[in-house]
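Below is the file run37.pdb, which contains PDB, C-alpha atoms, pLDDT in the B column.
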ATOM      1  CA  LYS A   1      22.434  -7.365   2.037  1.00 61.00           C
ATOM      2  CA  ASN A   2      23.435  -3.705   2.022  1.00 77.00           C
ATOM      3  CA  THR A   3      22.153  -1.815   5.038  1.00 81.00           C
ATOM      4  CA  MET A   4      21.767   1.773   6.120  1.00 83.00           C
ATOM      5  CA  PRO A   5      21.119   3.425   9.488  1.00 87.00           C
ATOM      6  CA  VAL A   6      17.696   4.791  10.393  1.00 87.00           C
ATOM      7  CA  ILE A   7      18.121   8.261  11.932  1.00 89.00           C
ATOM      8  CA  ASN A   8      15.763  10.324  14.071  1.00 90.00           C
ATOM      9  CA  PRO A   9      16.059  13.725  12.316  1.00 90.00           C
ATOM     10  CA  ALA A  10      15.039  15.589  15.485  1.00 89.00           C
ATOM     11  CA  THR A  11      17.923  14.208  17.565  1.00 90.00           C
ATOM     12  CA  GLU A  12      20.238  12.852  14.836  1.00 91.00           C
ATOM     13  CA  GLU A  13      20.450   9.628  16.834  1.00 91.00           C
ATOM     14  CA  GLN A  14      20.440   6.231  15.121  1.00 90.00           C
ATOM     15  CA  ILE A  15      17.293   4.303  16.023  1.00 86.00           C
ATOM     16  CA  GLY A  16      17.869   1.185  13.934  1.00 84.00           C
ATOM     17  CA  THR A  17      19.290  -0.383  10.797  1.00 82.00           C
ATOM     18  CA  VAL A  18      17.378  -1.309   7.685  1.00 79.00           C
ATOM     19  CA  ALA A  19      18.172  -3.864   4.974  1.00 77.00           C
ATOM     20  CA  MET A  20      18.121  -2.493   1.439  1.00 75.00           C
ATOM     21  CA  GLY A  21      16.353  -4.386  -1.311  1.00 73.00           C
ATOM     22  CA  ASN A  22      18.035  -5.330  -4.577  1.00 75.00           C
ATOM     23  CA  ALA A  23      17.117  -6.438  -8.093  1.00 75.00           C
ATOM     24  CA  GLU A  24      16.754 -10.057  -7.005  1.00 79.00           C
ATOM     25  CA  ASP A  25      14.259  -9.016  -4.325  1.00 77.00           C
ATOM     26  CA  VAL A  26      12.263  -7.123  -6.944  1.00 77.00           C
ATOM     27  CA  ASP A  27      12.149 -10.126  -9.268  1.00 79.00           C
ATOM     28  CA  LEU A  28      10.970 -12.368  -6.429  1.00 80.00           C
ATOM     29  CA  ALA A  29       8.336  -9.848  -5.352  1.00 79.00           C
ATOM     30  CA  VAL A  30       6.981  -9.264  -8.849  1.00 81.00           C
ATOM     31  CA  SER A  31       6.909 -12.994  -9.543  1.00 83.00           C
ATOM     32  CA  ALA A  32       5.010 -13.675  -6.323  1.00 81.00           C
ATOM     33  CA  ALA A  33       2.633 -10.785  -6.995  1.00 82.00           C
ATOM     34  CA  ASN A  34       1.876 -12.056 -10.482  1.00 85.00           C
ATOM     35  CA  GLU A  35       1.219 -15.542  -9.129  1.00 84.00           C
ATOM     36  CA  ALA A  36      -0.936 -14.211  -6.304  1.00 84.00           C
ATOM     37  CA  PHE A  37      -2.948 -12.024  -8.675  1.00 87.00           C
ATOM     38  CA  VAL A  38      -4.470 -15.090 -10.322  1.00 88.00           C
ATOM     39  CA  THR A  39      -6.411 -15.949  -7.168  1.00 88.00           C
ATOM     40  CA  PHE A  40      -6.703 -12.615  -5.346  1.00 88.00           C
ATOM     41  CA  SER A  41      -8.219 -10.871  -8.387  1.00 90.00           C
ATOM     42  CA  GLN A  42     -11.073 -13.388  -8.269  1.00 90.00           C
ATOM     43  CA  THR A  43     -12.045 -12.679  -4.655  1.00 91.00           C
ATOM     44  CA  SER A  44     -15.468 -11.180  -4.062  1.00 92.00           C
ATOM     45  CA  ILE A  45     -16.171  -7.599  -3.061  1.00 92.00           C
ATOM     46  CA  GLN A  46     -17.311  -8.887   0.329  1.00 94.00           C
ATOM     47  CA  ASP A  47     -14.036 -10.792   0.812  1.00 92.00           C
ATOM     48  CA  ARG A  48     -12.016  -7.660   0.108  1.00 92.00           C
ATOM     49  CA  LEU A  49     -14.338  -5.559   2.244  1.00 93.00           C
ATOM     50  CA  ASP A  50     -13.825  -7.922   5.187  1.00 93.00           C
ATOM     51  CA  LEU A  51     -10.063  -7.684   4.627  1.00 92.00           C
ATOM     52  CA  LEU A  52     -10.021  -3.867   4.699  1.00 93.00           C
ATOM     53  CA  ILE A  53     -12.234  -3.760   7.781  1.00 95.00           C
ATOM     54  CA  LYS A  54      -9.893  -6.136   9.604  1.00 94.00           C
ATOM     55  CA  ILE A  55      -6.849  -4.074   8.560  1.00 93.00           C
ATOM     56  CA  LYS A  56      -8.560  -0.967   9.924  1.00 94.00           C
ATOM     57  CA  ASP A  57      -9.455  -2.691  13.218  1.00 95.00           C
ATOM     58  CA  VAL A  58      -5.887  -3.910  13.766  1.00 94.00           C
ATOM     59  CA  THR A  59      -4.492  -0.501  12.781  1.00 93.00           C
ATOM     60  CA  GLN A  60      -6.668   1.164  15.411  1.00 94.00           C
ATOM     61  CA  LYS A  61      -5.361  -1.219  18.063  1.00 94.00           C
ATOM     62  CA  ARG A  62      -1.781  -0.203  17.228  1.00 94.00           C
ATOM     63  CA  PHE A  63      -2.603   3.463  16.723  1.00 94.00           C
ATOM     64  CA  GLU A  64      -0.312   4.862  19.418  1.00 93.00           C
ATOM     65  CA  GLU A  65       2.589   2.667  18.272  1.00 93.00           C
ATOM     66  CA  LEU A  66       2.249   4.158  14.806  1.00 93.00           C
ATOM     67  CA  VAL A  67       2.163   7.654  16.290  1.00 93.00           C
ATOM     68  CA  LYS A  68       5.396   7.074  18.224  1.00 92.00           C
ATOM     69  CA  ALA A  69       7.055   5.427  15.221  1.00 91.00           C
ATOM     70  CA  MET A  70       6.312   8.362  12.918  1.00 91.00           C
ATOM     71  CA  SER A  71       7.400  10.887  15.518  1.00 91.00           C
ATOM     72  CA  THR A  72      10.694   9.031  15.953  1.00 91.00           C
ATOM     73  CA  GLU A  73      11.539   8.317  12.305  1.00 90.00           C
ATOM     74  CA  MET A  74      10.312  11.693  10.954  1.00 89.00           C
ATOM     75  CA  GLY A  75      11.140  13.941  13.891  1.00 87.00           C
ATOM     76  CA  ALA A  76       7.528  15.141  13.917  1.00 88.00           C
ATOM     77  CA  PRO A  77       5.770  16.452  17.049  1.00 91.00           C
ATOM     78  CA  MET A  78       3.549  13.836  18.667  1.00 92.00           C
ATOM     79  CA  THR A  79       0.431  15.936  18.059  1.00 92.00           C
ATOM     80  CA  MET A  80       1.147  16.141  14.327  1.00 90.00           C
ATOM     81  CA  ALA A  81       2.020  12.432  14.111  1.00 90.00           C
ATOM     82  CA  ARG A  82      -1.256  11.602  15.866  1.00 92.00           C
ATOM     83  CA  ASP A  83      -3.748  14.131  14.446  1.00 90.00           C
ATOM     84  CA  ALA A  84      -2.420  14.773  10.946  1.00 87.00           C
ATOM     85  CA  GLN A  85      -0.783  11.440  10.158  1.00 88.00           C
ATOM     86  CA  ALA A  86      -2.148   8.366  11.931  1.00 89.00           C
ATOM     87  CA  ASP A  87      -5.686   9.704  12.197  1.00 89.00           C
ATOM     88  CA  ALA A  88      -5.749  10.590   8.489  1.00 86.00           C
ATOM     89  CA  ALA A  89      -4.771   7.023   7.606  1.00 86.00           C
ATOM     90  CA  ILE A  90      -7.791   5.687   9.496  1.00 90.00           C
ATOM     91  CA  GLY A  91      -9.929   8.209   7.622  1.00 91.00           C
ATOM     92  CA  HIS A  92      -8.591   7.014   4.279  1.00 91.00           C
ATOM     93  CA  LEU A  93      -9.337   3.399   5.184  1.00 92.00           C
ATOM     94  CA  ASP A  94     -12.878   4.407   6.149  1.00 94.00           C
ATOM     95  CA  GLY A  95     -13.262   6.197   2.834  1.00 93.00           C
ATOM     96  CA  PHE A  96     -12.176   3.249   0.714  1.00 93.00           C
ATOM     97  CA  ILE A  97     -14.295   0.853   2.782  1.00 95.00           C
ATOM     98  CA  ASP A  98     -17.345   3.035   2.056  1.00 94.00           C
ATOM     99  CA  ALA A  99     -16.404   3.274  -1.633  1.00 92.00           C
ATOM    100  CA  LEU A 100     -16.069  -0.513  -1.888  1.00 93.00           C
ATOM    101  CA  LYS A 101     -19.469  -1.015  -0.246  1.00 93.00           C
ATOM    102  CA  ASN A 102     -21.025   1.055  -3.045  1.00 90.00           C
ATOM    103  CA  LEU A 103     -18.972  -0.384  -5.905  1.00 88.00           C
ATOM    104  CA  GLU A 104     -20.849  -1.822  -8.889  1.00 85.00           C
ATOM    105  CA  ASP A 105     -18.472  -4.299 -10.497  1.00 84.00           C
ATOM    106  CA  GLN A 106     -20.848  -4.925 -13.395  1.00 85.00           C
ATOM    107  CA  LYS A 107     -23.272  -2.553 -15.089  1.00 86.00           C
ATOM    108  CA  THR A 108     -25.482  -2.833 -18.178  1.00 88.00           C
ATOM    109  CA  LEU A 109     -25.279   0.276 -20.360  1.00 87.00           C
ATOM    110  CA  PRO A 110     -28.279   1.774 -22.227  1.00 90.00           C
ATOM    111  CA  ASN A 111     -27.069   0.227 -25.508  1.00 90.00           C
ATOM    112  CA  GLY A 112     -27.029  -3.233 -23.946  1.00 88.00           C
ATOM    113  CA  ASP A 113     -23.255  -3.486 -23.502  1.00 89.00           C
ATOM    114  CA  VAL A 114     -22.041  -4.728 -20.136  1.00 88.00           C
ATOM    115  CA  LEU A 115     -19.354  -2.687 -18.351  1.00 88.00           C
ATOM    116  CA  CYS A 116     -17.199  -4.822 -16.046  1.00 85.00           C
ATOM    117  CA  LYS A 117     -14.761  -3.381 -13.525  1.00 85.00           C
ATOM    118  CA  GLU A 118     -11.858  -5.780 -13.012  1.00 87.00           C
ATOM    119  CA  ALA A 119      -8.509  -5.689 -11.237  1.00 89.00           C
ATOM    120  CA  ILE A 120      -5.855  -4.387 -13.640  1.00 87.00           C
ATOM    121  CA  GLY A 121      -2.913  -6.411 -12.315  1.00 88.00           C
ATOM    122  CA  VAL A 122       0.101  -5.969 -10.049  1.00 88.00           C
ATOM    123  CA  CYS A 123       0.463  -2.416  -8.717  1.00 87.00           C
ATOM    124  CA  GLY A 124       3.925  -0.922  -8.154  1.00 86.00           C
ATOM    125  CA  LEU A 125       3.654   1.606  -5.304  1.00 84.00           C
ATOM    126  CA  ILE A 126       6.236   4.087  -3.976  1.00 84.00           C
ATOM    127  CA  THR A 127       5.618   6.160  -0.844  1.00 85.00           C
ATOM    128  CA  PRO A 128       7.555   9.132   0.656  1.00 84.00           C
ATOM    129  CA  TRP A 129       9.226   9.594   4.023  1.00 83.00           C
ATOM    130  CA  ASN A 130       7.162  12.569   5.251  1.00 81.00           C
ATOM    131  CA  TRP A 131       3.690  10.983   5.094  1.00 85.00           C
ATOM    132  CA  PRO A 132       4.486   7.281   5.536  1.00 85.00           C
ATOM    133  CA  ILE A 133       1.246   5.757   6.808  1.00 87.00           C
ATOM    134  CA  ASN A 134      -0.940   8.343   5.075  1.00 87.00           C
ATOM    135  CA  GLN A 135       0.433   7.588   1.624  1.00 88.00           C
ATOM    136  CA  ILE A 136       0.600   3.839   2.219  1.00 89.00           C
ATOM    137  CA  ALA A 137      -3.090   3.855   3.160  1.00 89.00           C
ATOM    138  CA  CYS A 138      -3.950   6.005   0.121  1.00 90.00           C
ATOM    139  CA  LYS A 139      -2.246   3.554  -2.260  1.00 90.00           C
ATOM    140  CA  VAL A 140      -2.432   0.114  -0.686  1.00 89.00           C
ATOM    141  CA  ALA A 141      -6.093   0.282   0.405  1.00 91.00           C
ATOM    142  CA  PRO A 142      -7.607   1.047  -3.040  1.00 92.00           C
ATOM    143  CA  ALA A 143      -5.336  -1.495  -4.728  1.00 91.00           C
ATOM    144  CA  LEU A 144      -6.503  -4.229  -2.353  1.00 90.00           C
ATOM    145  CA  ALA A 145     -10.101  -3.038  -2.695  1.00 92.00           C
ATOM    146  CA  ALA A 146      -9.849  -3.421  -6.478  1.00 91.00           C
ATOM    147  CA  GLY A 147      -8.438  -6.942  -6.215  1.00 91.00           C
ATOM    148  CA  CYS A 148      -4.881  -6.047  -7.195  1.00 90.00           C
ATOM    149  CA  THR A 149      -1.701  -7.442  -5.697  1.00 86.00           C
ATOM    150  CA  ILE A 150       1.064  -5.024  -4.768  1.00 85.00           C
ATOM    151  CA  VAL A 151       4.787  -4.437  -4.844  1.00 82.00           C
ATOM    152  CA  HIS A 152       5.350  -1.533  -2.476  1.00 80.00           C
ATOM    153  CA  LYS A 153       8.567   0.463  -2.079  1.00 80.00           C
ATOM    154  CA  PRO A 154       8.415   2.386   1.229  1.00 81.00           C
ATOM    155  CA  VAL A 155      11.169   4.957   1.602  1.00 81.00           C
ATOM    156  CA  GLU A 156      14.265   3.785   3.463  1.00 81.00           C
ATOM    157  CA  LEU A 157      14.383   6.983   5.560  1.00 84.00           C
ATOM    158  CA  SER A 158      11.203   6.145   7.479  1.00 84.00           C
ATOM    159  CA  PRO A 159      10.839   2.356   7.475  1.00 84.00           C
ATOM    160  CA  VAL A 160       9.524   1.853  11.004  1.00 86.00           C
ATOM    161  CA  THR A 161       5.931   2.596  10.021  1.00 88.00           C
ATOM    162  CA  ALA A 162       6.179   0.169   7.092  1.00 85.00           C
ATOM    163  CA  GLN A 163       7.466  -2.507   9.479  1.00 83.00           C
ATOM    164  CA  ILE A 164       4.485  -2.044  11.800  1.00 87.00           C
ATOM    165  CA  LEU A 165       2.130  -2.159   8.832  1.00 85.00           C
ATOM    166  CA  CYS A 166       3.667  -5.495   7.808  1.00 81.00           C
ATOM    167  CA  GLU A 167       2.815  -6.780  11.271  1.00 86.00           C
ATOM    168  CA  ILE A 168      -0.706  -5.349  10.926  1.00 89.00           C
ATOM    169  CA  ALA A 169      -1.047  -7.161   7.592  1.00 83.00           C
ATOM    170  CA  GLU A 170       0.045 -10.414   9.215  1.00 81.00           C
ATOM    171  CA  LYS A 171      -2.439  -9.940  12.036  1.00 86.00           C
ATOM    172  CA  SER A 172      -5.141  -9.352   9.411  1.00 85.00           C
ATOM    173  CA  ASP A 173      -4.640 -12.907   8.098  1.00 76.00           C
ATOM    174  CA  LEU A 174      -2.200 -11.981   5.342  1.00 66.00           C
ATOM    175  CA  ASN A 175       0.811 -14.276   4.973  1.00 55.00           C
ATOM    176  CA  VAL A 176       3.900 -12.202   5.753  1.00 54.00           C
ATOM    177  CA  VAL A 177       7.559 -13.038   5.155  1.00 46.00           C
ATOM    178  CA  GLN A 178      10.011 -10.526   6.649  1.00 46.00           C
ATOM    179  CA  PHE A 179      13.288  -9.340   5.122  1.00 43.00           C
ATOM    180  CA  SER A 180      14.915  -8.053   8.317  1.00 38.00           C
ATOM    181  CA  GLU A 181      18.165  -6.542   9.547  1.00 37.00           C
ATOM    182  CA  ASN A 182      18.533  -5.778  13.252  1.00 35.00           C
ATOM    183  CA  ASN A 183      15.591  -3.785  14.604  1.00 35.00           C
ATOM    184  CA  TYR A 184      13.561  -2.911  11.533  1.00 36.00           C
ATOM    185  CA  SER A 185      12.724  -4.589   8.287  1.00 35.00           C
ATOM    186  CA  TYR A 186      10.505  -4.590   5.271  1.00 34.00           C
ATOM    187  CA  GLY A 187       8.335  -7.560   4.500  1.00 34.00           C
ATOM    188  CA  SER A 188       6.535  -9.329   1.703  1.00 35.00           C
ATOM    189  CA  VAL A 189       2.903 -10.298   1.986  1.00 33.00           C
ATOM    190  CA  LEU A 190       2.856 -13.378  -0.208  1.00 30.00           C
ATOM    191  CA  ARG A 191       0.583 -16.028  -1.688  1.00 31.00           C
ATOM    192  CA  ASP A 192      -2.968 -14.833  -2.424  1.00 32.00           C
ATOM    193  CA  LYS A 193      -2.689 -11.331  -0.963  1.00 34.00           C
ATOM    194  CA  ALA A 194      -0.278  -8.431  -1.458  1.00 37.00           C
ATOM    195  CA  ILE A 195       3.438  -7.731  -1.406  1.00 38.00           C
ATOM    196  CA  ILE A 196       5.321  -5.077   0.546  1.00 38.00           C
ATOM    197  CA  LEU A 197       9.010  -4.808  -0.290  1.00 38.00           C
ATOM    198  CA  ASN A 198      11.846  -2.300   0.022  1.00 33.00           C
ATOM    199  CA  SER A 199      12.996  -2.197  -3.591  1.00 33.00           C
ATOM    200  CA  LEU A 200      12.596  -0.150  -6.741  1.00 33.00           C
ATOM    201  CA  ILE A 201      10.982  -1.561  -9.875  1.00 37.00           C
ATOM    202  CA  ASP A 202      12.729  -1.121 -13.220  1.00 39.00           C
ATOM    203  CA  LEU A 203      10.080   0.060 -15.675  1.00 42.00           C
ATOM    204  CA  SER A 204      12.437   1.014 -18.506  1.00 46.00           C
ATOM    205  CA  GLU A 205      10.986   0.962 -22.000  1.00 46.00           C
ATOM    206  CA  GLU A 206      13.997  -1.062 -23.135  1.00 50.00           C
ATOM    207  CA  LYS A 207      13.081  -3.848 -20.727  1.00 46.00           C
ATOM    208  CA  TYR A 208       9.341  -3.496 -21.302  1.00 45.00           C
ATOM    209  CA  PRO A 209       8.565  -2.608 -24.956  1.00 51.00           C
ATOM    210  CA  ASP A 210       4.855  -2.259 -24.199  1.00 50.00           C
ATOM    211  CA  LEU A 211       5.507   0.357 -21.502  1.00 48.00           C
ATOM    212  CA  ALA A 212       3.881   3.142 -23.540  1.00 51.00           C
ATOM    213  CA  VAL A 213       0.627   1.185 -23.612  1.00 48.00           C
ATOM    214  CA  PHE A 214       1.038   0.440 -19.894  1.00 47.00           C
ATOM    215  CA  LYS A 215       1.506   4.150 -19.125  1.00 47.00           C
ATOM    216  CA  ARG A 216      -1.605   5.101 -21.072  1.00 49.00           C
ATOM    217  CA  ALA A 217      -3.595   2.451 -19.198  1.00 49.00           C
ATOM    218  CA  ILE A 218      -2.367   3.783 -15.843  1.00 47.00           C
ATOM    219  CA  LEU A 219      -3.226   7.370 -16.788  1.00 49.00           C
ATOM    220  CA  PHE A 220      -6.691   6.308 -17.946  1.00 49.00           C
ATOM    221  CA  HIS A 221      -7.431   4.371 -14.754  1.00 48.00           C
ATOM    222  CA  ALA A 222      -5.991   7.205 -12.642  1.00 48.00           C
ATOM    223  CA  PHE A 223      -8.389   9.587 -14.372  1.00 47.00           C
ATOM    224  CA  LEU A 224     -11.330   7.277 -13.695  1.00 50.00           C
ATOM    225  CA  LEU A 225     -10.319   6.956 -10.021  1.00 47.00           C
ATOM    226  CA  PHE A 226      -9.909  10.731  -9.698  1.00 44.00           C
ATOM    227  CA  GLN A 227     -13.319  11.253 -11.295  1.00 46.00           C
ATOM    228  CA  GLN A 228     -14.848   8.800  -8.835  1.00 46.00           C
ATOM    229  CA  LEU A 229     -13.160  10.499  -5.879  1.00 42.00           C
ATOM    230  CA  LEU A 230     -14.521  13.873  -6.943  1.00 42.00           C
ATOM    231  CA  THR A 231     -18.069  12.532  -6.882  1.00 40.00           C
ATOM    232  CA  SER A 232     -17.837  10.346  -3.789  1.00 38.00           C
ATOM    233  CA  SER A 233     -15.322  12.370  -1.710  1.00 36.00           C
ATOM    234  CA  CYS A 234     -14.249   9.068  -0.215  1.00 38.00           C
ATOM    235  CA  LEU A 235     -10.790  10.403   0.679  1.00 36.00           C
ATOM    236  CA  PHE A 236     -12.090  13.266   2.748  1.00 34.00           C
ATOM    237  CA  LYS A 237     -14.396  11.649   5.244  1.00 31.00           C
TER     238      LYS A 237
END

Show me this structure written as structure tokens.
Amino acid sequence: KNTMPVINPATEEQIGTVAMGNAEDVDLAVSAANEAFVTFSQTSIQDRLDLLIKIKDVTQKRFEELVKAMSTEMGAPMTMARDAQADAAIGHLDGFIDALKNLEDQKTLPNGDVLCKEAIGVCGLITPWNWPINQIACKVAPALAAGCTIVHKPVELSPVTAQILCEIAEKSDLNVVQFSENNYSYGSVLRDKAIILNSLIDLSEEKYPDLAVFKRAILFHAFLLFQQLLTSSCLFK
């Protein structure tokens, strides 16, 4: 595999080496995510609630490790890494746990129609270097809560946090397979759960003719989620 150094921007010292994903990794991840979706999408709200609660509990136990990791890979002051980054991630998990507790997955409308809320499918997630755990929590937690499997592309500039989160996922009874190189790695959470992988997904319209329909569906569901967040304020607890 191709690799690249992981640099502490505050000191410009190399703190590790990370393996870069490729197209083959993406195909394997998407295939596994599609296969896993068949079973994970059928889990109950309580099953997914228990999963998120366990992820939160394990995250809290490794809180200070996450703080140090973000300070090292981002060059952020420890106070910022702790108060603005790691603590916010716990808050986001709390918010989505509360939202899932109050979720109605089936509702009868006044005209007699039944509205069902179902997992939409595999979610492709990309997160930035400057808010690694914050953005991972904001994207991975609601996807898992909805019953979706995930292909996640954490940025290669700050992979240490993603590595720790893979370990947290494993400790939370998710099946984790690591793609590692030296000190740090990205991993895939396989089988009936989620997938975390350092690779980009090719969503070209040439490869996927129905991409326009897919985009409209994403925009529609994003609007519904945003509308729900405005009413429940679940991200700002």

Given all atoms listed in the file as the counted atoms, nearest of A:Pro9, A:Pro110, A:Gly16, A:Gly95 to Trp129 in chain A: A:Pro9

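If all atoms listed in the file are the atoms counted, then among A:Ile133, A:Ile168, A:Ala162, A:Ile120 the closest residue to Asn34 in chain A is A:Ile120.
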
Selection under test: the PyMOL selection byres ((chain A and resi 40) around 12); residues as a ChimeraX atom specification: /A:32-39,41-45,47-48,51,118-122,143-150,174,190-195

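What separates CA of Glu156 in chain A from CA of Gln85 in chain A is a distance of 18.2 Å.
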
Distance query Lys101 in chain A at most 9 Å, only C-alpha atoms, self and fewer than 4 positions along chain excluded, as JSON, numbers by chain: {"A": [45, 46, 49, 96, 97]}

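Atom pair CA of Leu93 in chain A / CA of Ala81 in chain A has a distance of 17.0 Å (rounded to one decimal).
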
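Interatomic distance, CA of Val155 in chain A against CA of Asp94 in chain A: 24.5 Å.
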